[in-house]
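Only one structure is covered here, and it is reproduced in the block below.
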Amino acid sequence: MDYKKSKAPVNTVTRNIMDLCKDTGNIYESVAIISKRANQISAEIKQDLSKKLAEFASYNDSLEEVFENREQIEISRYYEKLPKASLLATQEFLEGQVYYRDPSKENLN
(Lines give C-alpha, C1' and ligand atoms only; values in the text may rest on other atoms or scores of the structure.)
Protein backbone atom coordinates (compact mmCIF):
# COMPACT_ATOMS: atom_id res chain seq x y z
CA MET A 1 0.00 0.00 0.00
CA ASP A 2 1.27 3.45 -0.83
CA TYR A 3 0.94 5.33 2.43
CA LYS A 4 2.01 8.63 0.86
CA LYS A 5 -1.29 8.75 -1.06
CA SER A 6 -3.29 8.37 2.15
CA LYS A 7 -5.43 11.26 3.30
CA ALA A 8 -4.02 10.96 6.82
CA PRO A 9 -2.59 14.17 8.26
CA VAL A 10 1.14 14.42 8.83
CA ASN A 11 0.70 16.29 12.12
CA THR A 12 -1.37 15.44 15.15
CA VAL A 13 -5.05 16.33 14.83
CA THR A 14 -7.67 16.69 17.54
CA ARG A 15 -10.43 14.12 16.97
CA ASN A 16 -14.02 13.98 18.15
CA ILE A 17 -14.33 11.02 20.52
CA MET A 18 -17.88 10.37 19.38
CA ASP A 19 -16.65 9.81 15.81
CA LEU A 20 -14.20 7.18 17.06
CA CYS A 21 -16.72 5.22 19.10
CA LYS A 22 -19.54 5.45 16.55
CA ASP A 23 -18.86 2.02 14.98
CA THR A 24 -18.00 0.03 18.10
CA GLY A 25 -19.99 1.87 20.74
CA ASN A 26 -16.98 1.83 23.03
CA ILE A 27 -14.05 4.26 22.86
CA TYR A 28 -11.65 1.77 24.48
CA GLU A 29 -12.48 -0.91 21.93
CA SER A 30 -11.97 1.59 19.11
CA VAL A 31 -8.58 2.64 20.49
CA ALA A 32 -7.54 -1.01 20.83
CA ILE A 33 -8.50 -1.68 17.21
CA ILE A 34 -6.62 1.42 16.01
CA SER A 35 -3.52 0.50 18.01
CA LYS A 36 -3.43 -3.03 16.62
CA ARG A 37 -3.77 -1.69 13.10
CA ALA A 38 -1.04 0.88 13.79
CA ASN A 39 1.29 -1.95 14.85
CA GLN A 40 0.55 -3.77 11.58
CA ILE A 41 1.20 -0.63 9.52
CA SER A 42 4.41 0.07 11.41
CA ALA A 43 5.68 -3.46 10.76
CA GLU A 44 4.83 -3.14 7.04
CA ILE A 45 6.63 0.19 6.74
CA LYS A 46 9.67 -1.11 8.61
CA GLN A 47 9.85 -4.17 6.39
CA ASP A 48 9.56 -2.05 3.22
CA LEU A 49 12.24 0.36 4.44
CA SER A 50 14.63 -2.44 5.37
CA LYS A 51 14.14 -4.12 2.01
CA LYS A 52 14.78 -0.90 0.07
CA LEU A 53 17.83 0.05 2.13
CA ALA A 54 19.29 -3.46 1.76
CA GLU A 55 19.42 -2.95 -2.01
CA PHE A 56 21.93 -0.13 -1.59
CA ALA A 57 23.91 -1.57 1.30
CA SER A 58 27.66 -1.83 0.82
CA TYR A 59 29.45 -4.33 2.97
CA ASN A 60 32.97 -3.38 3.93
CA ASP A 61 35.20 -4.84 6.59
CA SER A 62 36.60 -1.46 7.43
CA LEU A 63 34.95 0.15 10.42
CA GLU A 64 36.80 3.42 9.94
CA GLU A 65 35.26 4.34 6.62
CA VAL A 66 31.72 5.66 6.57
CA PHE A 67 30.10 5.91 3.17
CA GLU A 68 27.11 8.13 2.54
CA ASN A 69 24.92 6.69 -0.13
CA ARG A 70 22.66 9.31 -1.73
CA GLU A 71 19.94 6.74 -2.55
CA GLN A 72 19.76 5.57 1.07
CA ILE A 73 19.46 9.14 2.28
CA GLU A 74 16.62 9.89 -0.16
CA ILE A 75 14.75 6.72 0.83
CA SER A 76 15.14 7.56 4.50
CA ARG A 77 13.85 11.09 3.95
CA TYR A 78 10.82 9.72 2.09
CA TYR A 79 9.91 7.44 5.00
CA GLU A 80 10.51 10.21 7.56
CA LYS A 81 7.94 12.40 5.80
CA LEU A 82 5.23 9.73 5.90
CA PRO A 83 2.44 10.14 8.45
CA LYS A 84 2.90 8.16 11.65
CA ALA A 85 1.38 4.69 11.79
CA SER A 86 -1.12 5.74 14.46
CA LEU A 87 -2.41 8.58 12.25
CA LEU A 88 -2.71 6.25 9.27
CA ALA A 89 -4.58 3.68 11.35
CA THR A 90 -6.95 6.29 12.76
CA GLN A 91 -7.72 7.59 9.27
CA GLU A 92 -8.38 4.06 8.01
CA PHE A 93 -10.67 3.38 10.98
CA LEU A 94 -12.67 6.55 10.44
CA GLU A 95 -13.06 5.77 6.73
CA GLY A 96 -14.28 2.24 7.53
CA GLN A 97 -11.32 0.51 5.88
CA VAL A 98 -10.38 -1.58 8.93
CA TYR A 99 -11.94 -5.00 9.36
CA TYR A 100 -12.35 -6.13 12.95
CA ARG A 101 -14.40 -8.67 14.83
CA ASP A 102 -14.91 -9.78 18.41
CA PRO A 103 -15.03 -13.58 18.71
CA SER A 104 -16.53 -13.40 22.21
CA LYS A 105 -19.58 -11.56 20.87
CA GLU A 106 -19.98 -13.98 17.94
CA ASN A 107 -20.17 -17.07 20.19
CA LEU A 108 -23.21 -15.75 22.08
CA ASN A 109 -25.58 -16.61 19.21
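Residues are referred to by chain and number: the chain letter is A, B, ... according to the order shown in the C-alpha coordinates, the number counts from 1 in that chain, and ligands are numbered separately from 1 in the order shown.
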
Just want the 12 Å neighbourhood of region 94-101 of chain A, counted on only C-alpha atoms, with same-chain residues fewer than 6 positions away dropped. Output as a PDB file with all heavy atoms, in the first residue's frame.
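The result, stored in selection25.pdb:
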ATOM      1  N   SER A   6      -2.229   8.377   1.145  1.00  0.00           N
ATOM      2  CA  SER A   6      -3.286   8.370   2.155  1.00  0.00           C
ATOM      3  C   SER A   6      -3.697   9.797   2.499  1.00  0.00           C
ATOM      4  O   SER A   6      -2.913  10.734   2.379  1.00  0.00           O
ATOM      5  CB  SER A   6      -2.786   7.671   3.418  1.00  0.00           C
ATOM      6  OG  SER A   6      -3.731   7.773   4.450  1.00  0.00           O
ATOM      7  N   LYS A   7      -4.927   9.945   2.929  1.00  0.00           N
ATOM      8  CA  LYS A   7      -5.430  11.261   3.302  1.00  0.00           C
ATOM      9  C   LYS A   7      -5.141  11.573   4.769  1.00  0.00           C
ATOM     10  O   LYS A   7      -5.644  12.557   5.304  1.00  0.00           O
ATOM     11  CB  LYS A   7      -6.928  11.324   3.066  1.00  0.00           C
ATOM     12  CG  LYS A   7      -7.313  11.174   1.617  1.00  0.00           C
ATOM     13  CD  LYS A   7      -8.807  11.124   1.455  1.00  0.00           C
ATOM     14  CE  LYS A   7      -9.164  10.795   0.025  1.00  0.00           C
ATOM     15  NZ  LYS A   7     -10.581  10.491  -0.134  1.00  0.00           N
ATOM     16  N   ALA A   8      -4.347  10.747   5.406  1.00  0.00           N
ATOM     17  CA  ALA A   8      -4.020  10.955   6.820  1.00  0.00           C
ATOM     18  C   ALA A   8      -3.150  12.197   6.976  1.00  0.00           C
ATOM     19  O   ALA A   8      -2.265  12.459   6.166  1.00  0.00           O
ATOM     20  CB  ALA A   8      -3.291   9.741   7.386  1.00  0.00           C
ATOM     21  N   ARG A  15      -9.302  14.896  17.505  1.00  0.00           N
ATOM     22  CA  ARG A  15     -10.427  14.124  16.975  1.00  0.00           C
ATOM     23  C   ARG A  15     -11.625  14.209  17.915  1.00  0.00           C
ATOM     24  O   ARG A  15     -11.477  14.358  19.121  1.00  0.00           O
ATOM     25  CB  ARG A  15     -10.048  12.650  16.821  1.00  0.00           C
ATOM     26  CG  ARG A  15      -8.823  12.402  15.999  1.00  0.00           C
ATOM     27  CD  ARG A  15      -9.169  12.327  14.565  1.00  0.00           C
ATOM     28  NE  ARG A  15      -7.949  11.988  13.808  1.00  0.00           N
ATOM     29  CZ  ARG A  15      -7.910  11.928  12.521  1.00  0.00           C
ATOM     30  NH1 ARG A  15      -8.984  12.165  11.824  1.00  0.00           N
ATOM     31  NH2 ARG A  15      -6.803  11.641  11.896  1.00  0.00           N
ATOM     32  N   ASN A  16     -12.803  14.067  17.362  1.00  0.00           N
ATOM     33  CA  ASN A  16     -14.017  13.984  18.146  1.00  0.00           C
ATOM     34  C   ASN A  16     -14.164  12.546  18.639  1.00  0.00           C
ATOM     35  O   ASN A  16     -14.195  11.607  17.834  1.00  0.00           O
ATOM     36  CB  ASN A  16     -15.229  14.393  17.300  1.00  0.00           C
ATOM     37  CG  ASN A  16     -16.503  14.443  18.095  1.00  0.00           C
ATOM     38  OD1 ASN A  16     -16.529  14.148  19.286  1.00  0.00           O
ATOM     39  ND2 ASN A  16     -17.569  14.834  17.421  1.00  0.00           N
ATOM     40  N   ILE A  17     -14.249  12.359  19.928  1.00  0.00           N
ATOM     41  CA  ILE A  17     -14.326  11.023  20.518  1.00  0.00           C
ATOM     42  C   ILE A  17     -15.571  10.288  20.032  1.00  0.00           C
ATOM     43  O   ILE A  17     -15.544   9.082  19.823  1.00  0.00           O
ATOM     44  CB  ILE A  17     -14.294  11.107  22.055  1.00  0.00           C
ATOM     45  CG1 ILE A  17     -12.935  11.610  22.503  1.00  0.00           C
ATOM     46  CG2 ILE A  17     -14.591   9.760  22.685  1.00  0.00           C
ATOM     47  CD1 ILE A  17     -12.807  11.808  23.983  1.00  0.00           C
ATOM     48  N   MET A  18     -16.641  11.007  19.821  1.00  0.00           N
ATOM     49  CA  MET A  18     -17.884  10.372  19.379  1.00  0.00           C
ATOM     50  C   MET A  18     -17.743   9.773  17.975  1.00  0.00           C
ATOM     51  O   MET A  18     -18.385   8.776  17.669  1.00  0.00           O
ATOM     52  CB  MET A  18     -19.044  11.367  19.429  1.00  0.00           C
ATOM     53  CG  MET A  18     -19.314  11.915  20.827  1.00  0.00           C
ATOM     54  SD  MET A  18     -19.384  10.645  22.111  1.00  0.00           S
ATOM     55  CE  MET A  18     -20.901   9.833  21.679  1.00  0.00           C
ATOM     56  N   ASP A  19     -16.890  10.378  17.135  1.00  0.00           N
ATOM     57  CA  ASP A  19     -16.647   9.811  15.812  1.00  0.00           C
ATOM     58  C   ASP A  19     -15.891   8.491  15.918  1.00  0.00           C
ATOM     59  O   ASP A  19     -16.121   7.576  15.124  1.00  0.00           O
ATOM     60  CB  ASP A  19     -15.847  10.781  14.941  1.00  0.00           C
ATOM     61  CG  ASP A  19     -16.651  12.008  14.541  1.00  0.00           C
ATOM     62  OD1 ASP A  19     -17.897  11.950  14.628  1.00  0.00           O
ATOM     63  OD2 ASP A  19     -16.023  13.012  14.144  1.00  0.00           O
ATOM     64  N   LEU A  20     -14.985   8.401  16.887  1.00  0.00           N
ATOM     65  CA  LEU A  20     -14.197   7.182  17.058  1.00  0.00           C
ATOM     66  C   LEU A  20     -15.027   6.019  17.602  1.00  0.00           C
ATOM     67  O   LEU A  20     -14.808   4.878  17.232  1.00  0.00           O
ATOM     68  CB  LEU A  20     -13.005   7.440  17.972  1.00  0.00           C
ATOM     69  CG  LEU A  20     -11.902   8.328  17.406  1.00  0.00           C
ATOM     70  CD1 LEU A  20     -10.834   8.584  18.453  1.00  0.00           C
ATOM     71  CD2 LEU A  20     -11.288   7.694  16.181  1.00  0.00           C
ATOM     72  N   CYS A  21     -15.958   6.310  18.492  1.00  0.00           N
ATOM     73  CA  CYS A  21     -16.721   5.217  19.103  1.00  0.00           C
ATOM     74  C   CYS A  21     -18.053   4.964  18.404  1.00  0.00           C
ATOM     75  O   CYS A  21     -18.860   4.164  18.879  1.00  0.00           O
ATOM     76  CB  CYS A  21     -16.918   5.454  20.594  1.00  0.00           C
ATOM     77  SG  CYS A  21     -17.936   6.867  21.008  1.00  0.00           S
ATOM     78  N   LYS A  22     -18.280   5.604  17.270  1.00  0.00           N
ATOM     79  CA  LYS A  22     -19.540   5.452  16.549  1.00  0.00           C
ATOM     80  C   LYS A  22     -19.745   4.007  16.076  1.00  0.00           C
ATOM     81  O   LYS A  22     -20.832   3.456  16.233  1.00  0.00           O
ATOM     82  CB  LYS A  22     -19.561   6.412  15.363  1.00  0.00           C
ATOM     83  CG  LYS A  22     -20.811   6.371  14.528  1.00  0.00           C
ATOM     84  CD  LYS A  22     -20.831   7.458  13.465  1.00  0.00           C
ATOM     85  CE  LYS A  22     -19.516   7.571  12.748  1.00  0.00           C
ATOM     86  NZ  LYS A  22     -19.496   8.563  11.677  1.00  0.00           N
ATOM     87  N   ASP A  23     -18.721   3.369  15.527  1.00  0.00           N
ATOM     88  CA  ASP A  23     -18.859   2.020  14.982  1.00  0.00           C
ATOM     89  C   ASP A  23     -18.909   0.938  16.053  1.00  0.00           C
ATOM     90  O   ASP A  23     -19.663  -0.025  15.931  1.00  0.00           O
ATOM     91  CB  ASP A  23     -17.708   1.716  14.018  1.00  0.00           C
ATOM     92  CG  ASP A  23     -17.753   2.598  12.782  1.00  0.00           C
ATOM     93  OD1 ASP A  23     -18.852   3.085  12.445  1.00  0.00           O
ATOM     94  OD2 ASP A  23     -16.699   2.797  12.166  1.00  0.00           O
ATOM     95  N   THR A  24     -18.099   1.085  17.079  1.00  0.00           N
ATOM     96  CA  THR A  24     -18.001   0.032  18.097  1.00  0.00           C
ATOM     97  C   THR A  24     -18.893   0.284  19.301  1.00  0.00           C
ATOM     98  O   THR A  24     -19.248  -0.649  20.011  1.00  0.00           O
ATOM     99  CB  THR A  24     -16.552  -0.110  18.599  1.00  0.00           C
ATOM    100  OG1 THR A  24     -16.143   1.123  19.191  1.00  0.00           O
ATOM    101  CG2 THR A  24     -15.620  -0.491  17.463  1.00  0.00           C
ATOM    102  N   GLU A  29     -12.553   0.114  22.976  1.00  0.00           N
ATOM    103  CA  GLU A  29     -12.479  -0.905  21.933  1.00  0.00           C
ATOM    104  C   GLU A  29     -11.963  -0.290  20.633  1.00  0.00           C
ATOM    105  O   GLU A  29     -11.140  -0.886  19.934  1.00  0.00           O
ATOM    106  CB  GLU A  29     -13.856  -1.532  21.725  1.00  0.00           C
ATOM    107  CG  GLU A  29     -13.854  -2.714  20.790  1.00  0.00           C
ATOM    108  CD  GLU A  29     -15.226  -3.383  20.702  1.00  0.00           C
ATOM    109  OE1 GLU A  29     -16.127  -3.048  21.494  1.00  0.00           O
ATOM    110  OE2 GLU A  29     -15.371  -4.238  19.815  1.00  0.00           O
ATOM    111  N   SER A  30     -12.429   0.904  20.320  1.00  0.00           N
ATOM    112  CA  SER A  30     -11.970   1.595  19.112  1.00  0.00           C
ATOM    113  C   SER A  30     -10.474   1.884  19.178  1.00  0.00           C
ATOM    114  O   SER A  30      -9.749   1.674  18.206  1.00  0.00           O
ATOM    115  CB  SER A  30     -12.728   2.911  18.926  1.00  0.00           C
ATOM    116  OG  SER A  30     -14.091   2.679  18.729  1.00  0.00           O
ATOM    117  N   VAL A  31     -10.011   2.342  20.329  1.00  0.00           N
ATOM    118  CA  VAL A  31      -8.585   2.645  20.490  1.00  0.00           C
ATOM    119  C   VAL A  31      -7.758   1.363  20.389  1.00  0.00           C
ATOM    120  O   VAL A  31      -6.666   1.361  19.794  1.00  0.00           O
ATOM    121  CB  VAL A  31      -8.329   3.382  21.824  1.00  0.00           C
ATOM    122  CG1 VAL A  31      -6.850   3.487  22.111  1.00  0.00           C
ATOM    123  CG2 VAL A  31      -8.954   4.761  21.786  1.00  0.00           C
ATOM    124  N   ALA A  32      -8.260   0.261  20.930  1.00  0.00           N
ATOM    125  CA  ALA A  32      -7.541  -1.013  20.829  1.00  0.00           C
ATOM    126  C   ALA A  32      -7.438  -1.465  19.371  1.00  0.00           C
ATOM    127  O   ALA A  32      -6.383  -1.944  18.934  1.00  0.00           O
ATOM    128  CB  ALA A  32      -8.237  -2.075  21.669  1.00  0.00           C
ATOM    129  N   ILE A  33      -8.510  -1.308  18.627  1.00  0.00           N
ATOM    130  CA  ILE A  33      -8.500  -1.679  17.207  1.00  0.00           C
ATOM    131  C   ILE A  33      -7.514  -0.809  16.443  1.00  0.00           C
ATOM    132  O   ILE A  33      -6.719  -1.309  15.634  1.00  0.00           O
ATOM    133  CB  ILE A  33      -9.920  -1.554  16.615  1.00  0.00           C
ATOM    134  CG1 ILE A  33     -10.840  -2.604  17.227  1.00  0.00           C
ATOM    135  CG2 ILE A  33      -9.901  -1.668  15.096  1.00  0.00           C
ATOM    136  CD1 ILE A  33     -12.312  -2.367  16.959  1.00  0.00           C
ATOM    137  N   ILE A  34      -7.533   0.490  16.695  1.00  0.00           N
ATOM    138  CA  ILE A  34      -6.624   1.417  16.011  1.00  0.00           C
ATOM    139  C   ILE A  34      -5.174   1.103  16.359  1.00  0.00           C
ATOM    140  O   ILE A  34      -4.306   1.117  15.489  1.00  0.00           O
ATOM    141  CB  ILE A  34      -6.991   2.875  16.355  1.00  0.00           C
ATOM    142  CG1 ILE A  34      -8.335   3.239  15.726  1.00  0.00           C
ATOM    143  CG2 ILE A  34      -5.904   3.833  15.892  1.00  0.00           C
ATOM    144  CD1 ILE A  34      -8.909   4.554  16.199  1.00  0.00           C
ATOM    145  N   SER A  35      -4.906   0.784  17.620  1.00  0.00           N
ATOM    146  CA  SER A  35      -3.517   0.505  18.015  1.00  0.00           C
ATOM    147  C   SER A  35      -3.006  -0.788  17.385  1.00  0.00           C
ATOM    148  O   SER A  35      -1.842  -0.860  16.981  1.00  0.00           O
ATOM    149  CB  SER A  35      -3.393   0.448  19.534  1.00  0.00           C
ATOM    150  OG  SER A  35      -4.061  -0.679  20.055  1.00  0.00           O
ATOM    151  N   LYS A  36      -3.862  -1.792  17.273  1.00  0.00           N
ATOM    152  CA  LYS A  36      -3.429  -3.034  16.623  1.00  0.00           C
ATOM    153  C   LYS A  36      -3.158  -2.810  15.146  1.00  0.00           C
ATOM    154  O   LYS A  36      -2.200  -3.341  14.592  1.00  0.00           O
ATOM    155  CB  LYS A  36      -4.478  -4.122  16.819  1.00  0.00           C
ATOM    156  CG  LYS A  36      -4.516  -4.632  18.247  1.00  0.00           C
ATOM    157  CD  LYS A  36      -5.567  -5.696  18.447  1.00  0.00           C
ATOM    158  CE  LYS A  36      -5.599  -6.106  19.915  1.00  0.00           C
ATOM    159  NZ  LYS A  36      -6.602  -7.153  20.157  1.00  0.00           N
ATOM    160  N   ARG A  37      -3.991  -2.009  14.506  1.00  0.00           N
ATOM    161  CA  ARG A  37      -3.768  -1.690  13.099  1.00  0.00           C
ATOM    162  C   ARG A  37      -2.513  -0.847  12.930  1.00  0.00           C
ATOM    163  O   ARG A  37      -1.749  -1.030  11.966  1.00  0.00           O
ATOM    164  CB  ARG A  37      -4.990  -0.969  12.512  1.00  0.00           C
ATOM    165  CG  ARG A  37      -4.842  -0.585  11.065  1.00  0.00           C
ATOM    166  CD  ARG A  37      -4.679  -1.778  10.152  1.00  0.00           C
ATOM    167  NE  ARG A  37      -4.457  -1.335   8.783  1.00  0.00           N
ATOM    168  CZ  ARG A  37      -3.578  -1.881   7.958  1.00  0.00           C
ATOM    169  NH1 ARG A  37      -2.886  -2.929   8.326  1.00  0.00           N
ATOM    170  NH2 ARG A  37      -3.418  -1.400   6.752  1.00  0.00           N
ATOM    171  N   ALA A  38      -2.255   0.064  13.852  1.00  0.00           N
ATOM    172  CA  ALA A  38      -1.038   0.880  13.794  1.00  0.00           C
ATOM    173  C   ALA A  38       0.205   0.005  13.906  1.00  0.00           C
ATOM    174  O   ALA A  38       1.209   0.258  13.219  1.00  0.00           O
ATOM    175  CB  ALA A  38      -1.057   1.936  14.886  1.00  0.00           C
ATOM    176  N   GLN A  40       0.419  -3.095  12.872  1.00  0.00           N
ATOM    177  CA  GLN A  40       0.545  -3.767  11.583  1.00  0.00           C
ATOM    178  C   GLN A  40       1.153  -2.839  10.535  1.00  0.00           C
ATOM    179  O   GLN A  40       2.046  -3.240   9.782  1.00  0.00           O
ATOM    180  CB  GLN A  40      -0.827  -4.245  11.099  1.00  0.00           C
ATOM    181  CG  GLN A  40      -1.425  -5.354  11.915  1.00  0.00           C
ATOM    182  CD  GLN A  40      -2.863  -5.654  11.501  1.00  0.00           C
ATOM    183  OE1 GLN A  40      -3.497  -4.880  10.771  1.00  0.00           O
ATOM    184  NE2 GLN A  40      -3.370  -6.780  11.971  1.00  0.00           N
ATOM    185  N   ILE A  41       0.683  -1.609  10.492  1.00  0.00           N
ATOM    186  CA  ILE A  41       1.197  -0.631   9.520  1.00  0.00           C
ATOM    187  C   ILE A  41       2.671  -0.351   9.790  1.00  0.00           C
ATOM    188  O   ILE A  41       3.480  -0.301   8.864  1.00  0.00           O
ATOM    189  CB  ILE A  41       0.372   0.669   9.565  1.00  0.00           C
ATOM    190  CG1 ILE A  41      -1.033   0.423   9.028  1.00  0.00           C
ATOM    191  CG2 ILE A  41       1.059   1.780   8.781  1.00  0.00           C
ATOM    192  CD1 ILE A  41      -1.981   1.588   9.218  1.00  0.00           C
ATOM    193  N   LEU A  87      -1.557   7.677  13.026  1.00  0.00           N
ATOM    194  CA  LEU A  87      -2.405   8.578  12.252  1.00  0.00           C
ATOM    195  C   LEU A  87      -2.994   7.875  11.038  1.00  0.00           C
ATOM    196  O   LEU A  87      -4.160   8.090  10.682  1.00  0.00           O
ATOM    197  CB  LEU A  87      -1.619   9.814  11.822  1.00  0.00           C
ATOM    198  CG  LEU A  87      -1.149  10.731  12.948  1.00  0.00           C
ATOM    199  CD1 LEU A  87      -0.233  11.813  12.410  1.00  0.00           C
ATOM    200  CD2 LEU A  87      -2.328  11.341  13.659  1.00  0.00           C
ATOM    201  N   LEU A  88      -2.196   7.019  10.401  1.00  0.00           N
ATOM    202  CA  LEU A  88      -2.706   6.246   9.272  1.00  0.00           C
ATOM    203  C   LEU A  88      -3.806   5.291   9.715  1.00  0.00           C
ATOM    204  O   LEU A  88      -4.847   5.172   9.060  1.00  0.00           O
ATOM    205  CB  LEU A  88      -1.562   5.457   8.620  1.00  0.00           C
ATOM    206  CG  LEU A  88      -0.539   6.262   7.827  1.00  0.00           C
ATOM    207  CD1 LEU A  88       0.683   5.422   7.514  1.00  0.00           C
ATOM    208  CD2 LEU A  88      -1.162   6.790   6.557  1.00  0.00           C
ATOM    209  N   ASN A 107     -19.837 -15.777  19.597  1.00  0.00           N
ATOM    210  CA  ASN A 107     -20.175 -17.068  20.186  1.00  0.00           C
ATOM    211  C   ASN A 107     -21.449 -17.031  21.007  1.00  0.00           C
ATOM    212  O   ASN A 107     -21.943 -18.073  21.424  1.00  0.00           O
ATOM    213  CB  ASN A 107     -19.020 -17.586  21.055  1.00  0.00           C
ATOM    214  CG  ASN A 107     -17.811 -17.933  20.221  1.00  0.00           C
ATOM    215  OD1 ASN A 107     -17.939 -18.227  19.035  1.00  0.00           O
ATOM    216  ND2 ASN A 107     -16.638 -17.905  20.815  1.00  0.00           N
TER     217      ASN A 107
END

### Query
Leaving out Glu71 (chain A) and any residue of its chain fewer than 4 positions from it, which residues lie within 9 Å of it when counting only C-alpha atoms, given as a list in words?
Leu53, Phe56, Ile75 and Ser76 of chain A

Those residues you just picked out, can you put them in a file as a short mmCIF file (atom, residue, chain, number, x, y, z; two decimals), in the first residue's frame with all heavy atoms?
data_model
loop_
_atom_site.label_atom_id
_atom_site.label_comp_id
_atom_site.auth_asym_id
_atom_site.auth_seq_id
_atom_site.Cartn_x
_atom_site.Cartn_y
_atom_site.Cartn_z
N LEU A 53 16.48 -0.35 1.72
CA LEU A 53 17.83 0.05 2.13
C LEU A 53 18.84 -1.07 1.89
O LEU A 53 20.01 -0.81 1.64
CB LEU A 53 17.84 0.47 3.60
CG LEU A 53 17.15 1.79 3.92
CD1 LEU A 53 17.20 2.07 5.41
CD2 LEU A 53 17.77 2.94 3.14
N PHE A 56 20.83 -1.06 -1.42
CA PHE A 56 21.93 -0.13 -1.59
C PHE A 56 23.05 -0.33 -0.57
O PHE A 56 23.99 0.45 -0.52
CB PHE A 56 21.44 1.32 -1.50
CG PHE A 56 20.42 1.66 -2.54
CD1 PHE A 56 19.09 1.78 -2.20
CD2 PHE A 56 20.80 1.84 -3.86
CE1 PHE A 56 18.14 2.09 -3.16
CE2 PHE A 56 19.85 2.14 -4.83
CZ PHE A 56 18.52 2.26 -4.49
N ILE A 75 15.75 7.68 0.36
CA ILE A 75 14.75 6.72 0.83
C ILE A 75 14.40 7.00 2.28
O ILE A 75 13.22 7.00 2.66
CB ILE A 75 15.25 5.27 0.64
CG1 ILE A 75 15.31 4.93 -0.84
CG2 ILE A 75 14.36 4.28 1.38
CD1 ILE A 75 16.00 3.62 -1.14
N SER A 76 15.39 7.26 3.09
CA SER A 76 15.14 7.56 4.50
C SER A 76 14.32 8.84 4.67
O SER A 76 13.41 8.89 5.50
CB SER A 76 16.46 7.70 5.26
OG SER A 76 17.16 6.49 5.24
#

#### Entry: Interatomic distance, CA of Thr14 (chain A) to CA of Ile45 (chain A) (Å, one decimal)
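Interatomic distance, CA of Thr14 (chain A) to CA of Ile45 (chain A): 24.4 Å.
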
### Query
Which residues in region 67-108 of chain A does DSSP call helix (DSSP H, G or I)? List them as a list in words.
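Selecting the helix (DSSP H, G or I) positions of region 67-108 of chain A gives Arg70, Glu71, Gln72, Ile73, Glu74, Ile75, Ser76, Arg77, Tyr78, Tyr79, Glu80, Lys81, Ala85, Ser86, Leu87, Leu88, Ala89, Thr90, Gln91, Glu92, Phe93, Leu94, Pro103, Ser104, Lys105 and Glu106 of chain A.
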
### Close residues, Tyr78 (chain A) itself excluded, 12 Å, only C-alpha atoms, min 3 positions apart in chain, as a list in words
Asp2, Tyr3, Lys4, Ile45, Asp48, Leu49, Lys52, Leu53, Glu71, Gln72, Ile73, Glu74, Ile75, Lys81, Leu82 and Pro83 of chain A

### Message
Restricting the calculation to only C-alpha atoms: of A:Glu92, A:Asp102, A:Lys5, A:Tyr79, which residue gets closest to Ser50 (chain A)?
### Response
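For Ser50 (chain A), the nearest of the candidates is A:Tyr79.
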